[in-house]
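Asker: Mind looking over this structure? Questions follow.
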Amino acid sequence: MISEIRNQFPILKKRGAKPLAYLDNAATTQKPLAVLETIDEFYRTKNAPVHRGVYALAEAATAEYESVRDHVQDFINAKQREEIIFTSGATAGINMVVSGLAADYLHAGDHILLSDMEHHAMIVPWQDAARRKKLKIDFVPLTAEGRINLGVYKKLLAKHKPKFVGVTHVSNVLGTENPVREMTALAHKVGALVLVDAAQSIAHMPVDVQKLNCDFLAFSGHKMYGPTGVGVLYGKYELLERLPPYIFGGHMIEQVTRAKTTYAPLPEKFEGGTPPVAEVIGLGAAISFLQNIGLKNIKKEESKLTAYALRALKNISGLTLLGPATADARAPIFSFTLKGIHPHDIATLLDREGIAVRAGHHCAQILHESFSLDASVRVSLCVYNTPSEIDRLVRALVTIQKRFYA
Ligand code: C6P
């Protein structure tokens, strides 16, 4: 099974002096043949602008592009295809929501509730909106284990009655899977809208927007085996209808006169300009790749790998793991420090062994600050990683320690 999956990824067969152990999947995943070939075939045989041409090639490209919208609708179980907006990635989707809500919906003094484990993509747009609109941002702290402190969350909801809650489904640093369904229900009780950042969950577990009942949800194609430059913003129809457009220009209009412009209905209203056609079609192939294996199977297998990695990392003396120490409600993302060795040195030395990991703050400086750290090493796994790659990582870490401590 795993060798069948690995065979679909040409880059994993790359043989240098050391074979590649790609353990930086939270940053971006590698791409399977189905995605590579779909994009290649599109450019070779089907390339044309969408929504514009009346000739057969353009109509076929439009039909394929729009069929991916149906595919995404089915994939995340949205009620309507118009609730699926193609974006350039999770960052763009979050910015669309923040900018749209900040325009008319929010007013000076309104509270926004985020958590200490949010990615900068959730924090920075809100800080900018807060400065312009005089909004107040509160942060829910984390427990020592790296989970959102739900007791404080409930208190902050009751105290400030925020208008908006932004929460990541899975932390890109800790791997923590947040109880977003429960958090959304609690937020709705005080009238808050909820945006779930699904950038780190979408490739690892079934995501059902109707079950979560979130108001908005954003993710990127490149973290789920698809191409860069494409992502999805889901929003409940009536809310997206109320939001103003984000990008103004061609395609998102109904009528333009010298006096004024009226906007196109959903989803066009949010897809101004020429969209990333090949990337959207490549995203469709990535969804098929995930569905062929099955998200439930992926979650089950990755959970075993998570338990294996946690056991292996625990045996390294001097290693401090950030985040939950057990595999439940956890994705295969492991950030840690090694006593006395800078994370960047570790990542550089691992690279010499052919092991690709990330070091730094991972665009989560507030999270690192809450653990009194500037940086950590991050290992992030996905469907093609194996226990033997974890063994290799552990051996390399122990060797690095011996060199540093000698
Ligand atoms: N995290 C990492 O952790 P973009 O760059 O738009 O595709 O995704 C942004 C983003 C939003 N939310 C979460 C939880 C994320 O993890 C990310 C991207 C990458 O390595 C890059 S910092």
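FYI, nothing fancy with the structure tokens labels: chains A, B, ... in order, residues from 1 per chain, ligands from 1 as they appear.
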Could you give me the residues within stretch 41-244 of chain A that DSSP places in strand (DSSP E), as a PyMOL selection string?
Answerer: chain A and resi 84-87+111-115+136-140+164-168+193-197+216-220+231-235
Asker: Pull C-alpha atoms from the residues just selected and write them as a PDB file, in the first residue's frame.
Answerer:
```pdb
ATOM      1  CA  ILE A  84     -16.919  27.545  -3.208  1.00  0.00           C
ATOM      2  CA  ILE A  85     -14.605  30.420  -4.152  1.00  0.00           C
ATOM      3  CA  PHE A  86     -11.280  29.696  -5.838  1.00  0.00           C
ATOM      4  CA  THR A  87      -8.491  31.763  -4.330  1.00  0.00           C
ATOM      5  CA  HIS A 111     -14.046  42.157  19.637  1.00  0.00           C
ATOM      6  CA  ILE A 112     -12.301  39.534  17.521  1.00  0.00           C
ATOM      7  CA  LEU A 113     -11.273  36.286  19.198  1.00  0.00           C
ATOM      8  CA  LEU A 114      -8.232  34.367  17.965  1.00  0.00           C
ATOM      9  CA  SER A 115      -5.996  31.806  19.635  1.00  0.00           C
ATOM     10  CA  LYS A 136     -10.112  44.712  19.771  1.00  0.00           C
ATOM     11  CA  ILE A 137      -8.353  41.378  19.365  1.00  0.00           C
ATOM     12  CA  ASP A 138      -8.232  38.861  22.214  1.00  0.00           C
ATOM     13  CA  PHE A 139      -6.145  35.706  22.185  1.00  0.00           C
ATOM     14  CA  VAL A 140      -7.131  32.431  23.826  1.00  0.00           C
ATOM     15  CA  PHE A 164     -15.794  36.902  15.066  1.00  0.00           C
ATOM     16  CA  VAL A 165     -13.791  33.816  16.035  1.00  0.00           C
ATOM     17  CA  GLY A 166     -10.835  32.700  13.923  1.00  0.00           C
ATOM     18  CA  VAL A 167      -9.350  29.317  14.703  1.00  0.00           C
ATOM     19  CA  THR A 168      -7.038  26.871  13.035  1.00  0.00           C
ATOM     20  CA  LEU A 193     -19.116  34.299  12.988  1.00  0.00           C
ATOM     21  CA  VAL A 194     -16.471  31.571  12.745  1.00  0.00           C
ATOM     22  CA  LEU A 195     -13.678  31.133  10.220  1.00  0.00           C
ATOM     23  CA  VAL A 196     -11.862  27.803  10.338  1.00  0.00           C
ATOM     24  CA  ASP A 197      -8.354  27.772   8.916  1.00  0.00           C
ATOM     25  CA  PHE A 216     -16.138  30.284   6.534  1.00  0.00           C
ATOM     26  CA  LEU A 217     -13.298  27.832   5.916  1.00  0.00           C
ATOM     27  CA  ALA A 218     -10.069  28.347   3.974  1.00  0.00           C
ATOM     28  CA  PHE A 219      -7.368  26.048   2.654  1.00  0.00           C
ATOM     29  CA  SER A 220      -4.543  25.843   0.098  1.00  0.00           C
ATOM     30  CA  GLY A 231      -6.877  27.476  -2.762  1.00  0.00           C
ATOM     31  CA  VAL A 232     -10.478  27.534  -1.647  1.00  0.00           C
ATOM     32  CA  LEU A 233     -12.573  29.811   0.472  1.00  0.00           C
ATOM     33  CA  TYR A 234     -15.843  28.277   1.586  1.00  0.00           C
ATOM     34  CA  GLY A 235     -18.499  30.582   2.989  1.00  0.00           C
TER      35      GLY A 235
END
```
Asker: Around ligand 1, at most 6 Å away and counting only C-alpha atoms and all ligand atoms, which residues are there? Put them as a short mmCIF file (atom, residue, chain, number, x, y, z; two decimals) with C-alpha atoms, in the first residue's frame, please.
Answerer:
```cif
data_model
loop_
_atom_site.label_atom_id
_atom_site.label_comp_id
_atom_site.auth_asym_id
_atom_site.auth_seq_id
_atom_site.Cartn_x
_atom_site.Cartn_y
_atom_site.Cartn_z
CA ALA A 26 3.11 21.12 6.49
CA ALA A 27 4.96 23.67 4.37
CA GLY A 89 -4.44 29.96 -1.18
CA ALA A 90 -5.45 29.99 2.48
CA THR A 91 -3.85 33.39 3.07
CA HIS A 119 -0.75 31.20 11.89
CA ALA A 121 -2.17 34.42 8.02
CA THR A 168 -7.04 26.87 13.03
CA SER A 171 -1.88 23.79 14.41
CA ASN A 172 0.97 23.98 11.87
CA ASP A 197 -8.35 27.77 8.92
CA ALA A 199 -4.76 24.69 5.79
CA GLN A 200 -3.28 21.92 7.96
CA SER A 220 -4.54 25.84 0.10
CA HIS A 362 6.89 28.60 11.23
CA CYS A 363 4.87 31.84 10.89
#
```
Asker: Work out how far atom CA of A:Thr320 is from atom CA of A:Gly340, in Å to one decimal.
Answerer: 11.4 Å
Asker: DSSP says helix (DSSP H, G or I) for which residues of stretch 101-342 of chain A? Put them as a ChimeraX atom specification?
Answerer: /A:101-105,120-133,150-160,180-189,209-212,222-224,237-242,268-270,277-293,295-314
Asker: The selected residues should be written to file as a PDB file, in the first residue's frame (atoms: C-alpha atoms).
Answerer:
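Below you can see selection-v1.pdb, which holds the result:
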```
ATOM      1  CA  LEU A 101     -16.187  41.813   7.324  1.00  0.00           C
ATOM      2  CA  ALA A 102     -14.132  44.847   8.280  1.00  0.00           C
ATOM      3  CA  ALA A 103     -15.731  46.885   5.484  1.00  0.00           C
ATOM      4  CA  ASP A 104     -19.290  47.167   6.885  1.00  0.00           C
ATOM      5  CA  TYR A 105     -20.061  44.390   9.324  1.00  0.00           C
ATOM      6  CA  HIS A 120       0.289  34.736  10.936  1.00  0.00           C
ATOM      7  CA  ALA A 121      -2.174  34.422   8.019  1.00  0.00           C
ATOM      8  CA  MET A 122      -4.995  34.692  10.575  1.00  0.00           C
ATOM      9  CA  ILE A 123      -3.381  37.205  12.927  1.00  0.00           C
ATOM     10  CA  VAL A 124      -1.842  39.816  10.654  1.00  0.00           C
ATOM     11  CA  PRO A 125      -4.949  40.619   8.534  1.00  0.00           C
ATOM     12  CA  TRP A 126      -6.949  41.099  11.730  1.00  0.00           C
ATOM     13  CA  GLN A 127      -4.294  43.340  13.252  1.00  0.00           C
ATOM     14  CA  ASP A 128      -4.422  45.526  10.169  1.00  0.00           C
ATOM     15  CA  ALA A 129      -8.250  45.586  10.218  1.00  0.00           C
ATOM     16  CA  ALA A 130      -8.225  46.301  13.965  1.00  0.00           C
ATOM     17  CA  ARG A 131      -5.942  49.295  13.475  1.00  0.00           C
ATOM     18  CA  ARG A 132      -8.157  50.746  10.755  1.00  0.00           C
ATOM     19  CA  LYS A 133     -11.530  49.993  12.367  1.00  0.00           C
ATOM     20  CA  LEU A 150     -11.364  25.858  26.342  1.00  0.00           C
ATOM     21  CA  GLY A 151     -12.181  27.181  29.815  1.00  0.00           C
ATOM     22  CA  VAL A 152     -10.643  30.552  28.956  1.00  0.00           C
ATOM     23  CA  TYR A 153     -12.236  30.412  25.492  1.00  0.00           C
ATOM     24  CA  LYS A 154     -15.690  30.117  27.064  1.00  0.00           C
ATOM     25  CA  LYS A 155     -14.920  32.945  29.497  1.00  0.00           C
ATOM     26  CA  LEU A 156     -13.720  35.254  26.704  1.00  0.00           C
ATOM     27  CA  LEU A 157     -16.834  34.472  24.650  1.00  0.00           C
ATOM     28  CA  ALA A 158     -19.053  35.325  27.608  1.00  0.00           C
ATOM     29  CA  LYS A 159     -17.105  38.434  28.600  1.00  0.00           C
ATOM     30  CA  HIS A 160     -16.580  40.121  25.206  1.00  0.00           C
ATOM     31  CA  VAL A 180     -13.700  23.307  15.964  1.00  0.00           C
ATOM     32  CA  ARG A 181     -17.224  21.904  15.839  1.00  0.00           C
ATOM     33  CA  GLU A 182     -17.708  22.465  19.556  1.00  0.00           C
ATOM     34  CA  MET A 183     -15.905  25.827  19.420  1.00  0.00           C
ATOM     35  CA  THR A 184     -18.146  26.963  16.552  1.00  0.00           C
ATOM     36  CA  ALA A 185     -21.315  25.996  18.418  1.00  0.00           C
ATOM     37  CA  LEU A 186     -20.147  27.973  21.463  1.00  0.00           C
ATOM     38  CA  ALA A 187     -19.213  30.985  19.318  1.00  0.00           C
ATOM     39  CA  HIS A 188     -22.592  30.964  17.570  1.00  0.00           C
ATOM     40  CA  LYS A 189     -24.348  31.125  20.943  1.00  0.00           C
ATOM     41  CA  VAL A 209     -18.387  22.167   6.553  1.00  0.00           C
ATOM     42  CA  GLN A 210     -22.017  21.325   7.316  1.00  0.00           C
ATOM     43  CA  LYS A 211     -21.012  19.156  10.256  1.00  0.00           C
ATOM     44  CA  LEU A 212     -18.610  21.800  11.544  1.00  0.00           C
ATOM     45  CA  HIS A 222      -0.349  22.945  -2.353  1.00  0.00           C
ATOM     46  CA  LYS A 223      -0.623  21.432   1.149  1.00  0.00           C
ATOM     47  CA  MET A 224      -2.972  18.709  -0.144  1.00  0.00           C
ATOM     48  CA  TYR A 237     -24.125  31.516   0.830  1.00  0.00           C
ATOM     49  CA  GLU A 238     -26.001  34.252   2.656  1.00  0.00           C
ATOM     50  CA  LEU A 239     -22.792  35.519   4.276  1.00  0.00           C
ATOM     51  CA  LEU A 240     -20.768  35.553   1.062  1.00  0.00           C
ATOM     52  CA  GLU A 241     -23.643  37.440  -0.527  1.00  0.00           C
ATOM     53  CA  ARG A 242     -23.317  40.129   2.130  1.00  0.00           C
ATOM     54  CA  GLU A 268     -17.892  35.171  -9.770  1.00  0.00           C
ATOM     55  CA  LYS A 269     -18.125  38.189  -7.454  1.00  0.00           C
ATOM     56  CA  PHE A 270     -15.015  36.917  -5.665  1.00  0.00           C
ATOM     57  CA  VAL A 277      -7.250  27.533 -14.522  1.00  0.00           C
ATOM     58  CA  ALA A 278      -4.592  24.811 -14.732  1.00  0.00           C
ATOM     59  CA  GLU A 279      -4.083  25.007 -10.972  1.00  0.00           C
ATOM     60  CA  VAL A 280      -7.796  24.616 -10.245  1.00  0.00           C
ATOM     61  CA  ILE A 281      -7.900  21.595 -12.543  1.00  0.00           C
ATOM     62  CA  GLY A 282      -4.773  20.242 -10.822  1.00  0.00           C
ATOM     63  CA  LEU A 283      -6.536  20.758  -7.494  1.00  0.00           C
ATOM     64  CA  GLY A 284      -9.359  18.566  -8.779  1.00  0.00           C
ATOM     65  CA  ALA A 285      -6.812  15.809  -9.502  1.00  0.00           C
ATOM     66  CA  ALA A 286      -5.377  16.219  -5.987  1.00  0.00           C
ATOM     67  CA  ILE A 287      -8.839  15.794  -4.467  1.00  0.00           C
ATOM     68  CA  SER A 288      -9.312  12.608  -6.515  1.00  0.00           C
ATOM     69  CA  PHE A 289      -5.939  11.378  -5.239  1.00  0.00           C
ATOM     70  CA  LEU A 290      -7.082  11.938  -1.633  1.00  0.00           C
ATOM     71  CA  GLN A 291     -10.509  10.414  -2.254  1.00  0.00           C
ATOM     72  CA  ASN A 292      -9.005   7.328  -3.908  1.00  0.00           C
ATOM     73  CA  ILE A 293      -7.107   6.551  -0.723  1.00  0.00           C
ATOM     74  CA  LEU A 295      -9.590  10.534   4.135  1.00  0.00           C
ATOM     75  CA  LYS A 296     -10.705   8.143   6.864  1.00  0.00           C
ATOM     76  CA  ASN A 297      -7.948   5.696   5.850  1.00  0.00           C
ATOM     77  CA  ILE A 298      -5.434   8.520   5.710  1.00  0.00           C
ATOM     78  CA  LYS A 299      -6.386   9.638   9.208  1.00  0.00           C
ATOM     79  CA  LYS A 300      -6.109   6.078  10.530  1.00  0.00           C
ATOM     80  CA  GLU A 301      -2.716   5.395   8.943  1.00  0.00           C
ATOM     81  CA  GLU A 302      -1.291   8.781   9.874  1.00  0.00           C
ATOM     82  CA  SER A 303      -2.454   8.300  13.431  1.00  0.00           C
ATOM     83  CA  LYS A 304      -0.359   5.101  13.638  1.00  0.00           C
ATOM     84  CA  LEU A 305       2.606   6.991  12.198  1.00  0.00           C
ATOM     85  CA  THR A 306       2.023   9.773  14.730  1.00  0.00           C
ATOM     86  CA  ALA A 307       2.082   7.301  17.622  1.00  0.00           C
ATOM     87  CA  TYR A 308       5.281   5.769  16.215  1.00  0.00           C
ATOM     88  CA  ALA A 309       6.977   9.164  15.848  1.00  0.00           C
ATOM     89  CA  LEU A 310       5.937  10.265  19.343  1.00  0.00           C
ATOM     90  CA  ARG A 311       7.410   7.092  20.862  1.00  0.00           C
ATOM     91  CA  ALA A 312      10.623   7.504  18.882  1.00  0.00           C
ATOM     92  CA  LEU A 313      11.100  11.178  19.699  1.00  0.00           C
ATOM     93  CA  LYS A 314      10.379  10.598  23.395  1.00  0.00           C
TER      94      LYS A 314
END
```
Asker: Produce a table with one row for each residue of stretch 115-204 of chain A that has an atom at most 9 Å from any atom of stretch 325-334 of chain A, each row naming the nearest atom pair and its distance in Å at one decimal; use only C-alpha atoms; arrange rows by chain and rising residue number; format as a Markdown table.
Answerer:
```
| residue | atom | partner | partner_atom | distance |
| --- | --- | --- | --- | --- |
| A:Glu145 | CA | A:Ala325 | CA | 7.4 |
| A:Val170 | CA | A:Ala331 | CA | 7.1 |
| A:Ser171 | CA | A:Ile333 | CA | 8.3 |
| A:Asn172 | CA | A:Ile333 | CA | 7.0 |
| A:Val173 | CA | A:Ile333 | CA | 6.6 |
| A:Leu174 | CA | A:Phe334 | CA | 6.1 |
| A:Gly175 | CA | A:Ile333 | CA | 4.6 |
| A:Thr176 | CA | A:Arg330 | CA | 4.7 |
| A:Glu177 | CA | A:Ala329 | CA | 5.0 |
| A:Asn178 | CA | A:Ala329 | CA | 7.4 |
| A:Pro179 | CA | A:Ala329 | CA | 8.5 |
| A:Gln200 | CA | A:Ala331 | CA | 8.4 |
| A:Ser201 | CA | A:Ala331 | CA | 7.8 |
| A:His204 | CA | A:Ala331 | CA | 7.1 |
```
Asker: Might you pull out every residue within 9 Å of A:Ala264, with only C-alpha atoms counted and same-chain residues fewer than 2 positions away left off, and present them as a tab-separated table (two decimals) with N, CA and C atoms, in the first residue's frame?
Answerer:
```tsv
chain	number	residue	atom	x	y	z
A	251	HIS	N	-14.52	39.98	-15.02
A	251	HIS	CA	-15.22	38.76	-14.64
A	251	HIS	C	-16.11	38.88	-13.41
A	252	MET	N	-15.76	39.78	-12.47
A	252	MET	CA	-16.56	39.83	-11.24
A	252	MET	C	-17.70	40.85	-11.36
A	253	ILE	N	-17.92	41.34	-12.57
A	253	ILE	CA	-18.93	42.39	-12.74
A	253	ILE	C	-20.19	41.85	-13.41
A	254	GLU	N	-21.28	42.60	-13.21
A	254	GLU	CA	-22.50	42.32	-13.94
A	254	GLU	C	-22.61	43.35	-15.07
A	255	GLN	N	-22.47	44.64	-14.66
A	255	GLN	CA	-22.50	45.70	-15.65
A	255	GLN	C	-21.64	46.88	-15.20
A	262	THR	N	-22.13	47.20	-11.26
A	262	THR	CA	-22.83	46.22	-10.41
A	262	THR	C	-22.07	44.90	-10.50
A	266	LEU	N	-22.60	35.25	-6.91
A	266	LEU	CA	-21.61	34.28	-6.42
A	266	LEU	C	-21.52	33.14	-7.44
A	267	PRO	N	-20.37	32.53	-7.62
A	267	PRO	CA	-19.10	32.83	-6.96
A	267	PRO	C	-18.25	33.86	-7.71
A	268	GLU	N	-18.72	34.27	-8.93
A	268	GLU	CA	-17.89	35.17	-9.77
A	268	GLU	C	-17.50	36.44	-9.03
A	269	LYS	N	-18.39	36.93	-8.17
A	269	LYS	CA	-18.13	38.19	-7.45
A	269	LYS	C	-16.75	38.19	-6.79
A	270	PHE	N	-16.30	37.01	-6.38
A	270	PHE	CA	-15.01	36.92	-5.66
A	270	PHE	C	-13.88	36.38	-6.54
```
Asker: To one decimal place, how far is atom CA of A:Ile2 from atom CA of A:Thr386 in Å?
Answerer: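 Atom-to-atom, atom CA of A:Ile2 to atom CA of A:Thr386, that is 7.9 Å.
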Asker: Just give me the gap between atom CA of A:Val50 and atom CA of A:Tyr65 in Å, one decimal is fine.
Answerer: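 Between atom CA of A:Val50 and atom CA of A:Tyr65 the gap works out to 7.5 Å.
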Asker: Please determine, counting only C-alpha atoms, which residue among A:Asn149, A:Gln8, A:Thr45, A:Thr29 has the shortest atom-to-atom distance to A:Gly221.
Answerer: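 Result for the nearest residue to A:Gly221: A:Thr29.
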Asker: With distances taken over only C-alpha atoms, which residue among A:Ile11, A:Leu350, A:Arg69, A:Ala92 lies nearest A:Thr399?
Answerer: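 Ranked by minimum distance to A:Thr399, first place goes to A:Leu350.
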